[in-house]
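A.B. asks: entry-v6.txt is the file, holding compact mmCIF, C-alpha atoms and all ligand atoms:
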# COMPACT_ATOMS: atom_id res chain seq x y z
CA MET A 1 0.00 0.00 0.00
CA LEU A 2 2.74 2.47 0.99
CA GLN A 3 4.98 1.37 -1.88
CA GLU A 4 2.11 1.89 -4.35
CA MET A 5 1.53 5.38 -3.02
CA LEU A 6 5.20 6.29 -3.23
CA GLN A 7 5.57 5.12 -6.81
CA GLN A 8 3.34 8.02 -7.91
CA ILE A 9 5.95 10.61 -6.94
CA SER A 10 7.44 12.42 -9.92
CA PRO A 11 10.07 15.15 -10.43
CA LEU A 12 9.15 18.85 -10.68
CA ASP A 13 7.67 20.28 -13.90
CA SER A 14 10.67 21.91 -15.59
CA ALA A 15 8.58 23.74 -18.24
CA ALA A 16 6.52 25.51 -15.56
CA MET A 17 9.74 26.41 -13.74
CA GLU A 18 11.22 27.94 -16.90
CA THR A 19 8.06 30.00 -17.49
CA ALA A 20 8.20 31.29 -13.90
CA ARG A 21 11.89 32.16 -14.32
CA GLN A 22 11.13 34.10 -17.49
CA HIS A 23 8.34 35.97 -15.74
CA TRP A 24 10.71 37.06 -12.96
CA ASP A 25 13.26 38.24 -15.55
CA ALA A 26 10.59 40.35 -17.29
CA ILE A 27 9.68 42.20 -14.07
CA ALA A 28 10.98 45.79 -13.81
CA LYS A 29 13.60 45.32 -11.09
CA PRO A 30 17.24 44.24 -11.01
CA LEU A 31 17.61 40.63 -12.15
CA HIS A 32 17.23 38.06 -9.36
CA SER A 33 17.11 40.89 -6.82
CA LEU A 34 14.50 39.06 -4.76
CA GLY A 35 17.02 36.23 -4.45
CA ARG A 36 15.70 33.12 -2.75
CA LEU A 37 12.13 34.47 -2.87
CA GLU A 38 12.38 34.15 -6.65
CA ASP A 39 13.76 30.63 -6.35
CA LEU A 40 10.92 29.76 -3.99
CA VAL A 41 8.34 30.76 -6.60
CA VAL A 42 10.18 28.87 -9.36
CA GLN A 43 10.19 25.75 -7.18
CA LEU A 44 6.50 26.28 -6.43
CA ALA A 45 5.79 26.41 -10.17
CA GLY A 46 7.64 23.12 -10.58
CA ILE A 47 5.68 21.54 -7.73
CA THR A 48 2.25 22.65 -8.90
CA GLY A 49 2.94 22.32 -12.63
CA THR A 50 1.90 25.89 -13.48
CA ALA A 51 3.50 29.34 -13.53
CA ASN A 52 0.12 30.88 -12.70
CA LEU A 53 0.43 31.13 -8.93
CA PRO A 54 -2.26 32.79 -6.79
CA PRO A 55 -1.73 33.30 -3.02
CA ARG A 56 -1.61 30.12 -0.99
CA LYS A 57 -4.32 28.74 1.29
CA LYS A 58 -2.33 27.45 4.26
CA ALA A 59 -2.98 24.51 6.57
CA VAL A 60 -0.90 23.60 9.61
CA LEU A 61 -1.09 19.86 10.31
CA ILE A 62 0.00 19.28 13.91
CA PHE A 63 0.79 15.65 14.63
CA CYS A 64 0.20 15.00 18.34
CA ALA A 65 1.48 11.83 19.99
CA ASP A 66 2.97 10.49 23.19
CA ASN A 67 6.24 8.66 23.58
CA GLY A 68 6.71 5.78 26.01
CA VAL A 69 10.36 6.68 26.52
CA VAL A 70 9.21 9.61 28.69
CA ALA A 71 9.09 7.02 31.53
CA GLU A 72 12.91 7.12 31.52
CA GLY A 73 12.97 10.72 32.75
CA VAL A 74 14.22 12.30 29.51
CA THR A 75 11.99 15.38 29.73
CA GLN A 76 11.34 18.16 32.17
CA THR A 77 7.55 17.94 32.01
CA THR A 78 5.18 15.02 32.27
CA GLN A 79 3.37 13.21 29.49
CA ALA A 80 0.06 14.90 30.44
CA VAL A 81 1.36 18.11 28.81
CA THR A 82 0.91 16.55 25.36
CA ALA A 83 -2.86 16.24 25.81
CA ALA A 84 -3.13 19.62 27.54
CA VAL A 85 -1.39 21.50 24.72
CA THR A 86 -3.32 19.50 22.10
CA ARG A 87 -6.55 20.72 23.72
CA ASN A 88 -5.17 24.26 23.66
CA PHE A 89 -4.73 23.99 19.89
CA THR A 90 -8.48 23.42 19.57
CA MET A 91 -9.19 26.49 21.71
CA GLY A 92 -6.87 28.69 19.67
CA ILE A 93 -4.67 29.53 22.66
CA ALA A 94 -1.37 27.72 21.96
CA SER A 95 1.76 29.31 20.49
CA VAL A 96 1.09 28.12 16.96
CA ASN A 97 -2.47 29.48 17.02
CA ALA A 98 -1.29 33.02 17.76
CA LEU A 99 1.31 32.94 14.98
CA SER A 100 -1.09 31.26 12.54
CA ARG A 101 -3.57 34.08 12.89
CA VAL A 102 -0.88 36.53 11.72
CA CYS A 103 0.10 34.22 8.88
CA GLY A 104 -3.46 33.46 7.80
CA ALA A 105 -3.06 29.72 8.27
CA ASP A 106 -5.72 27.31 9.55
CA VAL A 107 -4.60 24.98 12.35
CA PHE A 108 -5.51 21.29 12.31
CA PRO A 109 -4.43 19.27 15.36
CA VAL A 110 -4.27 15.55 14.60
CA ASP A 111 -4.37 12.93 17.36
CA ILE A 112 -2.13 10.29 15.82
CA GLY A 113 -1.10 8.78 19.16
CA VAL A 114 -1.92 10.82 22.25
CA ALA A 115 -2.05 8.60 25.35
CA GLU A 116 -5.22 10.20 26.73
CA GLU A 117 -8.63 10.07 25.11
CA LEU A 118 -9.31 13.59 23.89
CA HIS A 119 -12.97 14.40 24.10
CA CYS A 120 -13.08 17.78 22.42
CA ASP A 121 -14.17 19.21 19.10
CA GLY A 122 -11.66 20.33 16.55
CA ILE A 123 -9.30 17.37 16.71
CA ILE A 124 -8.80 15.10 13.76
CA SER A 125 -8.84 11.64 15.37
CA ARG A 126 -6.43 9.24 13.72
CA LYS A 127 -5.02 7.51 16.79
CA ILE A 128 -2.78 4.59 15.83
CA ALA A 129 -1.95 3.77 19.47
CA ALA A 130 -2.35 5.41 22.88
CA GLY A 131 1.29 6.48 22.85
CA THR A 132 4.28 4.37 21.84
CA ARG A 133 6.05 1.80 24.01
CA ASN A 134 9.13 2.70 26.00
CA PHE A 135 11.97 2.05 23.58
CA ALA A 136 14.44 1.75 26.43
CA HIS A 137 12.98 -1.75 26.84
CA GLU A 138 11.07 -2.70 23.66
CA PRO A 139 10.51 -1.36 20.14
CA ALA A 140 8.46 1.86 20.18
CA MET A 141 5.87 0.39 17.80
CA THR A 142 5.36 -2.30 15.21
CA ARG A 143 6.47 -1.85 11.65
CA GLU A 144 2.83 -2.00 10.62
CA GLN A 145 1.96 0.88 12.97
CA ALA A 146 4.79 2.99 11.58
CA GLU A 147 3.58 2.33 8.06
CA ARG A 148 -0.02 3.16 9.00
CA ALA A 149 1.10 6.44 10.60
CA ILE A 150 3.00 7.40 7.42
CA LEU A 151 -0.05 6.58 5.30
CA THR A 152 -2.14 8.71 7.67
CA GLY A 153 0.13 11.70 7.04
CA ILE A 154 -0.11 11.22 3.28
CA ALA A 155 -3.91 10.89 3.44
CA LEU A 156 -4.28 14.04 5.55
CA VAL A 157 -2.44 16.08 2.92
CA GLY A 158 -4.79 14.62 0.30
CA GLU A 159 -7.80 15.65 2.38
CA LYS A 160 -6.54 19.19 2.86
CA VAL A 161 -5.76 19.55 -0.85
CA ALA A 162 -9.30 18.35 -1.63
CA ALA A 163 -10.57 21.06 0.75
CA GLY A 164 -8.71 23.74 -1.22
CA TYR A 165 -5.45 24.08 0.73
CA ASN A 166 -2.28 24.39 -1.33
CA LEU A 167 0.46 25.01 1.22
CA ILE A 168 1.02 22.56 4.07
CA ILE A 169 2.94 23.43 7.23
CA THR A 170 4.07 20.59 9.46
CA GLY A 171 3.95 20.77 13.24
CA GLU A 172 4.07 18.36 16.17
CA MET A 173 3.26 18.13 19.85
CA GLY A 174 4.54 15.24 21.90
CA ILE A 175 6.48 15.34 25.13
CA GLY A 176 9.63 13.29 24.60
CA ASN A 177 9.82 13.79 20.85
CA THR A 178 13.25 15.42 20.87
CA THR A 179 14.49 12.13 22.36
CA THR A 180 12.90 10.08 19.57
CA SER A 181 14.10 12.54 16.92
CA SER A 182 17.68 12.49 18.18
CA ALA A 183 17.62 8.68 18.30
CA VAL A 184 16.33 8.41 14.72
CA PHE A 185 18.78 11.02 13.43
CA SER A 186 21.71 9.42 15.25
CA VAL A 187 20.99 6.12 13.49
CA LEU A 188 20.29 7.58 10.04
CA GLN A 189 23.44 9.72 10.01
CA GLN A 190 25.64 7.38 12.04
CA LEU A 191 26.41 10.22 14.44
CA PRO A 192 27.00 9.67 18.15
CA PRO A 193 23.94 10.50 20.30
CA GLU A 194 25.86 13.17 22.23
CA GLN A 195 26.37 15.13 19.01
CA VAL A 196 22.71 15.16 18.01
CA THR A 197 20.93 15.46 21.36
CA GLY A 198 19.86 18.68 23.06
CA ARG A 199 17.82 19.94 25.95
CA GLY A 200 14.47 19.77 24.15
CA ALA A 201 11.81 21.69 26.04
CA GLY A 202 14.32 22.23 28.88
CA LEU A 203 16.68 19.93 30.74
CA SER A 204 19.54 20.43 33.18
CA GLY A 205 23.09 19.37 32.24
CA ALA A 206 22.63 16.14 34.22
CA GLY A 207 19.26 15.58 32.52
CA LEU A 208 20.87 15.95 29.12
CA ARG A 209 23.60 13.44 29.96
CA HIS A 210 20.95 10.96 31.06
CA LYS A 211 18.94 11.56 27.85
CA VAL A 212 22.05 10.81 25.74
CA GLU A 213 22.64 7.62 27.71
CA VAL A 214 19.04 6.44 27.26
CA ILE A 215 19.31 7.00 23.49
CA ALA A 216 22.70 5.26 23.23
CA LYS A 217 21.49 2.23 25.18
CA ALA A 218 18.29 1.94 23.10
CA ILE A 219 20.24 2.01 19.85
CA ALA A 220 22.61 -0.65 21.19
CA LEU A 221 19.63 -2.77 22.29
CA HIS A 222 17.58 -2.60 19.07
CA GLN A 223 20.33 -2.22 16.45
CA PRO A 224 18.06 -0.40 13.98
CA ASP A 225 19.01 -0.90 10.34
CA ARG A 226 19.91 2.58 9.07
CA ASN A 227 19.11 1.52 5.51
CA ASP A 228 15.57 0.62 6.47
CA VAL A 229 13.69 3.75 7.57
CA LEU A 230 10.66 1.78 8.78
CA ASP A 231 12.90 -0.33 10.99
CA VAL A 232 14.46 2.81 12.51
CA LEU A 233 11.10 4.54 13.01
CA SER A 234 9.42 1.53 14.54
CA LYS A 235 12.26 0.80 16.95
CA VAL A 236 13.25 4.28 18.18
CA GLY A 237 10.84 6.72 16.49
CA GLY A 238 7.45 8.15 17.32
CA LEU A 239 4.01 8.27 15.73
CA ASP A 240 4.27 12.04 15.26
CA ILE A 241 7.54 11.68 13.33
CA CYS A 242 5.95 8.98 11.14
CA GLY A 243 2.89 11.17 10.50
CA MET A 244 5.04 14.14 9.53
CA ALA A 245 7.18 11.97 7.25
CA GLY A 246 3.89 11.01 5.61
CA ALA A 247 2.91 14.67 5.23
CA PHE A 248 6.17 15.38 3.38
CA LEU A 249 5.58 12.43 1.09
CA GLY A 250 1.98 13.59 0.69
CA GLY A 251 3.21 16.93 -0.64
CA ALA A 252 5.04 15.08 -3.41
CA VAL A 253 2.06 12.78 -4.09
CA TYR A 254 -0.45 15.64 -4.29
CA HIS A 255 1.86 18.32 -5.78
CA VAL A 256 1.73 20.83 -2.96
CA PRO A 257 4.65 22.45 -1.12
CA VAL A 258 5.29 21.34 2.46
CA LEU A 259 7.15 23.40 5.01
CA ILE A 260 9.57 21.85 7.48
CA ASP A 261 9.40 23.36 10.97
CA GLY A 262 12.13 22.66 13.56
CA PHE A 263 14.38 19.77 14.50
CA ILE A 264 11.68 17.12 14.93
CA SER A 265 10.09 18.05 11.64
CA ALA A 266 13.48 18.09 9.89
CA VAL A 267 14.22 14.57 11.16
CA ALA A 268 10.86 13.44 9.79
CA ALA A 269 11.77 15.08 6.47
CA ASN A 270 15.02 13.08 6.46
CA CYS A 271 12.96 9.90 6.86
CA ALA A 272 10.68 10.90 3.97
CA VAL A 273 13.61 11.70 1.70
CA ARG A 274 15.27 8.38 2.55
CA LEU A 275 12.06 6.65 1.46
CA VAL A 276 11.73 8.67 -1.77
CA PRO A 277 14.64 11.01 -2.61
CA LEU A 278 12.51 12.99 -5.12
CA CYS A 279 10.30 14.15 -2.24
CA ARG A 280 13.04 16.66 -1.28
CA GLN A 281 12.09 18.88 -4.21
CA TYR A 282 8.67 19.47 -2.63
CA LEU A 283 10.09 20.69 0.69
CA PHE A 284 10.96 24.12 2.09
CA ALA A 285 13.02 24.61 5.25
CA SER A 286 11.36 27.43 7.16
CA HIS A 287 13.88 28.00 9.95
CA CYS A 288 16.89 26.46 11.63
CA SER A 289 16.13 25.10 15.10
CA ARG A 290 18.34 25.96 18.06
CA GLU A 291 18.55 22.26 18.99
CA PRO A 292 22.19 21.25 18.48
CA ALA A 293 21.38 19.07 15.48
CA GLY A 294 18.90 21.49 13.90
CA LYS A 295 21.47 22.65 11.37
CA LEU A 296 22.79 19.13 10.78
CA ALA A 297 19.29 17.84 10.03
CA LEU A 298 18.85 20.49 7.32
CA GLU A 299 22.35 19.92 5.94
CA ALA A 300 21.57 16.22 5.64
CA LEU A 301 18.61 17.21 3.48
CA GLY A 302 20.71 19.61 1.42
CA LEU A 303 18.34 22.43 2.36
CA ARG A 304 19.01 25.92 3.66
CA ALA A 305 16.59 27.55 6.08
CA TYR A 306 15.05 30.91 5.25
CA LEU A 307 15.07 32.07 8.87
CA ASP A 308 17.47 31.67 11.77
CA CYS A 309 15.69 33.00 14.85
CA ASP A 310 17.14 30.70 17.55
CA MET A 311 13.70 29.18 17.97
CA CYS A 312 13.13 25.70 19.41
CA LEU A 313 9.42 25.57 20.13
CA GLY A 314 7.89 23.11 17.69
CA GLU A 315 4.10 22.95 17.07
CA GLY A 316 4.74 24.36 13.57
CA THR A 317 5.63 27.83 14.90
CA GLY A 318 8.68 28.32 12.66
CA GLY A 319 6.82 26.81 9.73
CA VAL A 320 4.03 29.33 10.08
CA ILE A 321 6.45 32.26 10.13
CA GLY A 322 8.22 30.83 7.08
CA ALA A 323 4.90 30.40 5.26
CA LYS A 324 4.44 34.16 5.28
CA LEU A 325 7.39 34.38 2.87
CA PHE A 326 5.19 32.71 0.27
CA ASP A 327 2.77 35.65 0.55
CA PHE A 328 5.58 38.16 0.00
CA ALA A 329 7.14 36.23 -2.87
CA LEU A 330 3.83 35.64 -4.65
CA ALA A 331 2.72 39.27 -4.22
CA ALA A 332 5.96 40.39 -5.89
CA TYR A 333 5.64 37.76 -8.61
CA GLY A 334 2.01 38.59 -9.35
CA GLU A 335 1.80 42.34 -8.87
CA ILE A 336 5.01 44.12 -9.93
CA ALA A 337 4.87 45.73 -13.37
CA GLY A 338 6.94 44.29 -16.19
CA PHE A 339 9.62 46.08 -18.22
CA ASP A 340 7.15 46.26 -21.14
CA ALA A 341 4.55 48.08 -19.01
CA VAL A 342 6.95 50.70 -17.63
CA GLY A 343 8.80 51.40 -20.90
CA ILE A 344 12.32 50.41 -19.76
CA ALA A 345 14.55 48.12 -21.76
CA PRO A 346 15.14 44.82 -19.95
CA TYR A 347 18.60 43.80 -18.82
CA GLU A 348 20.61 41.57 -21.02
CA LYS A 349 20.38 38.04 -19.71
CA LEU A 350 23.17 37.23 -17.29
CA GLN A 351 25.21 34.29 -18.45
C1 LIG B 401 4.16 23.54 27.50
C2 LIG B 401 4.86 23.01 26.28
C3 LIG B 401 4.41 23.38 25.02
C4 LIG B 401 5.08 22.91 23.89
N1 LIG B 401 4.85 23.14 22.61
C5 LIG B 401 5.76 22.49 21.92
N2 LIG B 401 6.60 21.84 22.72
C6 LIG B 401 7.76 21.11 22.24
O1 LIG B 401 8.40 20.40 23.28
C7 LIG B 401 8.28 18.99 23.14
C8 LIG B 401 9.61 18.37 22.89
O2 LIG B 401 10.49 18.54 23.95
P1 LIG B 401 10.88 17.33 24.90
O3 LIG B 401 11.46 16.27 24.03
O4 LIG B 401 11.88 17.92 25.84
O5 LIG B 401 9.63 16.89 25.59
C9 LIG B 401 7.35 18.78 21.96
O6 LIG B 401 6.04 18.59 22.39
C10 LIG B 401 7.54 20.04 21.17
O7 LIG B 401 6.51 20.30 20.28
C11 LIG B 401 6.20 22.08 23.98
C12 LIG B 401 6.66 21.69 25.25
C13 LIG B 401 6.00 22.14 26.40
C14 LIG B 401 6.49 21.72 27.76
O1 LIG B 402 13.22 22.39 16.98
C1 LIG B 402 12.18 21.93 17.42
O2 LIG B 402 11.25 21.58 16.67
C2 LIG B 402 12.00 21.77 18.91
C3 LIG B 402 13.04 21.84 19.77
C4 LIG B 402 12.83 21.70 21.12
C5 LIG B 402 11.57 21.47 21.60
N1 LIG B 402 10.55 21.42 20.75
C6 LIG B 402 10.74 21.55 19.43
Rewrite the structure from the file as structure tokens, please.

C.D. replies:
Amino acid sequence: MLQEMLQQISPLDSAAMETARQHWDAIAKPLHSLGRLEDLVVQLAGITGTANLPPRKKAVLIFCADNGVVAEGVTQTTQAVTAAVTRNFTMGIASVNALSRVCGADVFPVDIGVAEELHCDGIISRKIAAGTRNFAHEPAMTREQAERAILTGIALVGEKVAAGYNLIITGEMGIGNTTTSSAVFSVLQQLPPEQVTGRGAGLSGAGLRHKVEVIAKAIALHQPDRNDVLDVLSKVGGLDICGMAGAFLGGAVYHVPVLIDGFISAVAANCAVRLVPLCRQYLFASHCSREPAGKLALEALGLRAYLDCDMCLGEGTGGVIGAKLFDFALAAYGEIAGFDAVGIAPYEKLQ
């Protein structure tokens, strides 16, 4: 089922990209003076298959899930915070809600694995399990659960595209998910846990040392196969990471851009790109997380962030800020007069 889905992914439309490039060059301003904003629009043309690009309708998909490894004392807060913040998303009072209102993005919290039953409106219920198992002792989930969570992420993008959205922002909420992300990234990149592990939502120096030890021991116990993403995700990953990896793949399946948020999101993007390398062309790195491996996770993708604000919040907060760049870039692309309209001779093409 997953393999079938992934076979649909195709490269960007180079003709649409060339048309978009030509349009930029015909606009009455110094050539390529909007820099990476111009590149962003050209990539968007390639993703959507057209150089006719109206403003984007933005959806933030927030994958909410609990992580059994929290029982090892790798976080400063308790697991109950996952459900509490997830409820706050539905009430419009969490960090990402405030920023999304500025950005003009609609927020969609998804319960893909919260431990508690969430009885409130406004949550998309796609629970695969009531939290993962504690990977200090056993695999976090089955391979089948990991695959189902990825398919859930792909399907959610399809649903949002059908509802008229054409820019997807990824977010997550799950106490303990910097532990799972560091574990997955350590395996994928063959980097020692101490190099890719940080304080997450806040840990003391001793807490950080313990977190590194828990990750190192779990990797030694399960020996995840770094060439098999589903093996890595099921042994030391989380349902939120799987869901986000699915959302990135969904962008490539449904031809919509998907924004990476912080470290956790960037690790999920690495998983998606390992599954289908072409998927990278559909991704945009909004910001570089302050987590120690935030930069490394983007480098591994070969992507450069637009923003570097020392943020490490998650929820999709950086993604939402980055999404605003699409509004600026598309306003410039769609509204600035051309050389023909203003009676100036265009520049000679730079070689
Ligand atoms: C109140 C609160 C709100 C949050 N919103 C996002 N996170 C962020 O922190 C968590 C990851 O950090 P760790 O691995 O240390 O648990 C994730 O839920 C992430 O989204 C939050 C964390 C807290 C405490
Ligand atoms: O970079 C992130 O996404 C991040 C880092 C720490 C805690 N929560 C999220």

A.B. asks: Which residue is closest to Ile321 (chain A)? Choose from A:Glu18, A:Asp308, A:Glu38, A:Glu172 and count only C-alpha atoms.

C.D. replies: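 Of the candidates, the smallest distance to Ile321 (chain A) is held by A:Asp308.
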
A.B. asks: My list of candidates is A:Val258, A:Pro292, A:Ala71, A:Arg36. Which is closest to Pro193 (chain A) when distances are computed with only C-alpha atoms?

C.D. replies: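 Ranked by minimum distance to Pro193 (chain A), first place goes to A:Pro292.
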
A.B. asks: Quick one: of A:Cys309, A:Leu99, A:Leu325, A:Leu188, who's nearest to ligand LIG 402 (chain B), counting all atoms listed in the file?

C.D. replies: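 Checking each of A:Cys309, A:Leu99, A:Leu325, A:Leu188 against ligand LIG 402 (chain B), counting all atoms listed in the file, the winner is A:Cys309.
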
A.B. asks: Is there a way to get, as a list of chain:residue names, all residues within 9 Å of the point (19.0, 21.1, 9.3) in file coordinates, counting all atoms listed in the file?

C.D. replies: A:Gly262, A:Phe263, A:Ala266, A:Val267, A:Ala285, A:His287, A:Cys288, A:Ser289, A:Ala293, A:Gly294, A:Lys295, A:Leu296, A:Ala297, A:Leu298, A:Glu299, A:Ala300, A:Leu301, A:Gly302, A:Leu303, A:Arg304, A:Ala305

A.B. asks: Write out as a VMD selection string each polymer residue (protein, DNA or RNA) that has an atom no more than 6 Å from ligand LIG 401 (chain B), with all atoms listed in the file counted.

C.D. replies: chain A and resid 75 77 172 to 179 200 to 202 313 to 315

A.B. asks: Calculated over all atoms listed in the file, which of the candidates A:Thr48, A:Thr90, A:Ser125, A:Thr180 has the smallest distance to ligand LIG 402 (chain B)?

C.D. replies: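 Of A:Thr48, A:Thr90, A:Ser125, A:Thr180, the one nearest ligand LIG 402 (chain B), counting all atoms listed in the file, is A:Thr180.
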
A.B. asks: Generate the coordinates of N, CA and C atoms for region 64-81 of chain A; report them as a PDB file, in the frame of the given file.

C.D. replies:
ATOM      1  N   CYS A  64       0.081  15.062  16.882  1.00  0.00           N
ATOM      2  CA  CYS A  64       0.200  15.000  18.340  1.00  0.00           C
ATOM      3  C   CYS A  64       0.276  13.534  18.782  1.00  0.00           C
ATOM      4  N   ALA A  65       1.287  13.225  19.579  1.00  0.00           N
ATOM      5  CA  ALA A  65       1.480  11.830  19.990  1.00  0.00           C
ATOM      6  C   ALA A  65       2.355  11.744  21.234  1.00  0.00           C
ATOM      7  N   ASP A  66       2.132  10.719  22.006  1.00  0.00           N
ATOM      8  CA  ASP A  66       2.970  10.490  23.190  1.00  0.00           C
ATOM      9  C   ASP A  66       4.035   9.443  22.920  1.00  0.00           C
ATOM     10  N   ASN A  67       5.056   9.508  23.761  1.00  0.00           N
ATOM     11  CA  ASN A  67       6.240   8.660  23.580  1.00  0.00           C
ATOM     12  C   ASN A  67       6.540   7.926  24.883  1.00  0.00           C
ATOM     13  N   GLY A  68       6.502   6.594  24.824  1.00  0.00           N
ATOM     14  CA  GLY A  68       6.710   5.780  26.010  1.00  0.00           C
ATOM     15  C   GLY A  68       8.031   6.030  26.709  1.00  0.00           C
ATOM     16  N   VAL A  69       9.022   6.476  25.949  1.00  0.00           N
ATOM     17  CA  VAL A  69      10.360   6.680  26.520  1.00  0.00           C
ATOM     18  C   VAL A  69      10.382   7.791  27.577  1.00  0.00           C
ATOM     19  N   VAL A  70       9.317   8.567  27.652  1.00  0.00           N
ATOM     20  CA  VAL A  70       9.210   9.610  28.690  1.00  0.00           C
ATOM     21  C   VAL A  70       9.344   8.990  30.087  1.00  0.00           C
ATOM     22  N   ALA A  71       8.977   7.720  30.240  1.00  0.00           N
ATOM     23  CA  ALA A  71       9.090   7.020  31.530  1.00  0.00           C
ATOM     24  C   ALA A  71      10.537   6.966  32.025  1.00  0.00           C
ATOM     25  N   GLU A  72      11.494   7.164  31.122  1.00  0.00           N
ATOM     26  CA  GLU A  72      12.910   7.120  31.520  1.00  0.00           C
ATOM     27  C   GLU A  72      13.413   8.442  32.098  1.00  0.00           C
ATOM     28  N   GLY A  73      12.545   9.437  32.196  1.00  0.00           N
ATOM     29  CA  GLY A  73      12.970  10.720  32.750  1.00  0.00           C
ATOM     30  C   GLY A  73      13.837  11.529  31.795  1.00  0.00           C
ATOM     31  N   VAL A  74      13.438  11.567  30.515  1.00  0.00           N
ATOM     32  CA  VAL A  74      14.220  12.300  29.510  1.00  0.00           C
ATOM     33  C   VAL A  74      13.641  13.683  29.214  1.00  0.00           C
ATOM     34  N   THR A  75      12.617  14.064  29.961  1.00  0.00           N
ATOM     35  CA  THR A  75      11.990  15.380  29.730  1.00  0.00           C
ATOM     36  C   THR A  75      11.777  16.086  31.061  1.00  0.00           C
ATOM     37  N   GLN A  76      11.533  17.389  30.936  1.00  0.00           N
ATOM     38  CA  GLN A  76      11.340  18.160  32.170  1.00  0.00           C
ATOM     39  C   GLN A  76       9.880  18.099  32.615  1.00  0.00           C
ATOM     40  N   THR A  77       8.968  17.973  31.655  1.00  0.00           N
ATOM     41  CA  THR A  77       7.550  17.940  32.010  1.00  0.00           C
ATOM     42  C   THR A  77       6.992  16.529  31.849  1.00  0.00           C
ATOM     43  N   THR A  78       5.785  16.349  32.338  1.00  0.00           N
ATOM     44  CA  THR A  78       5.180  15.020  32.270  1.00  0.00           C
ATOM     45  C   THR A  78       4.418  14.825  30.955  1.00  0.00           C
ATOM     46  N   GLN A  79       4.093  13.573  30.717  1.00  0.00           N
ATOM     47  CA  GLN A  79       3.370  13.210  29.490  1.00  0.00           C
ATOM     48  C   GLN A  79       2.033  13.937  29.344  1.00  0.00           C
ATOM     49  N   ALA A  80       1.394  14.273  30.479  1.00  0.00           N
ATOM     50  CA  ALA A  80       0.060  14.900  30.440  1.00  0.00           C
ATOM     51  C   ALA A  80       0.073  16.220  29.658  1.00  0.00           C
ATOM     52  N   VAL A  81       1.268  16.826  29.523  1.00  0.00           N
ATOM     53  CA  VAL A  81       1.360  18.110  28.810  1.00  0.00           C
ATOM     54  C   VAL A  81       0.991  17.947  27.334  1.00  0.00           C
TER      55      VAL A  81
END
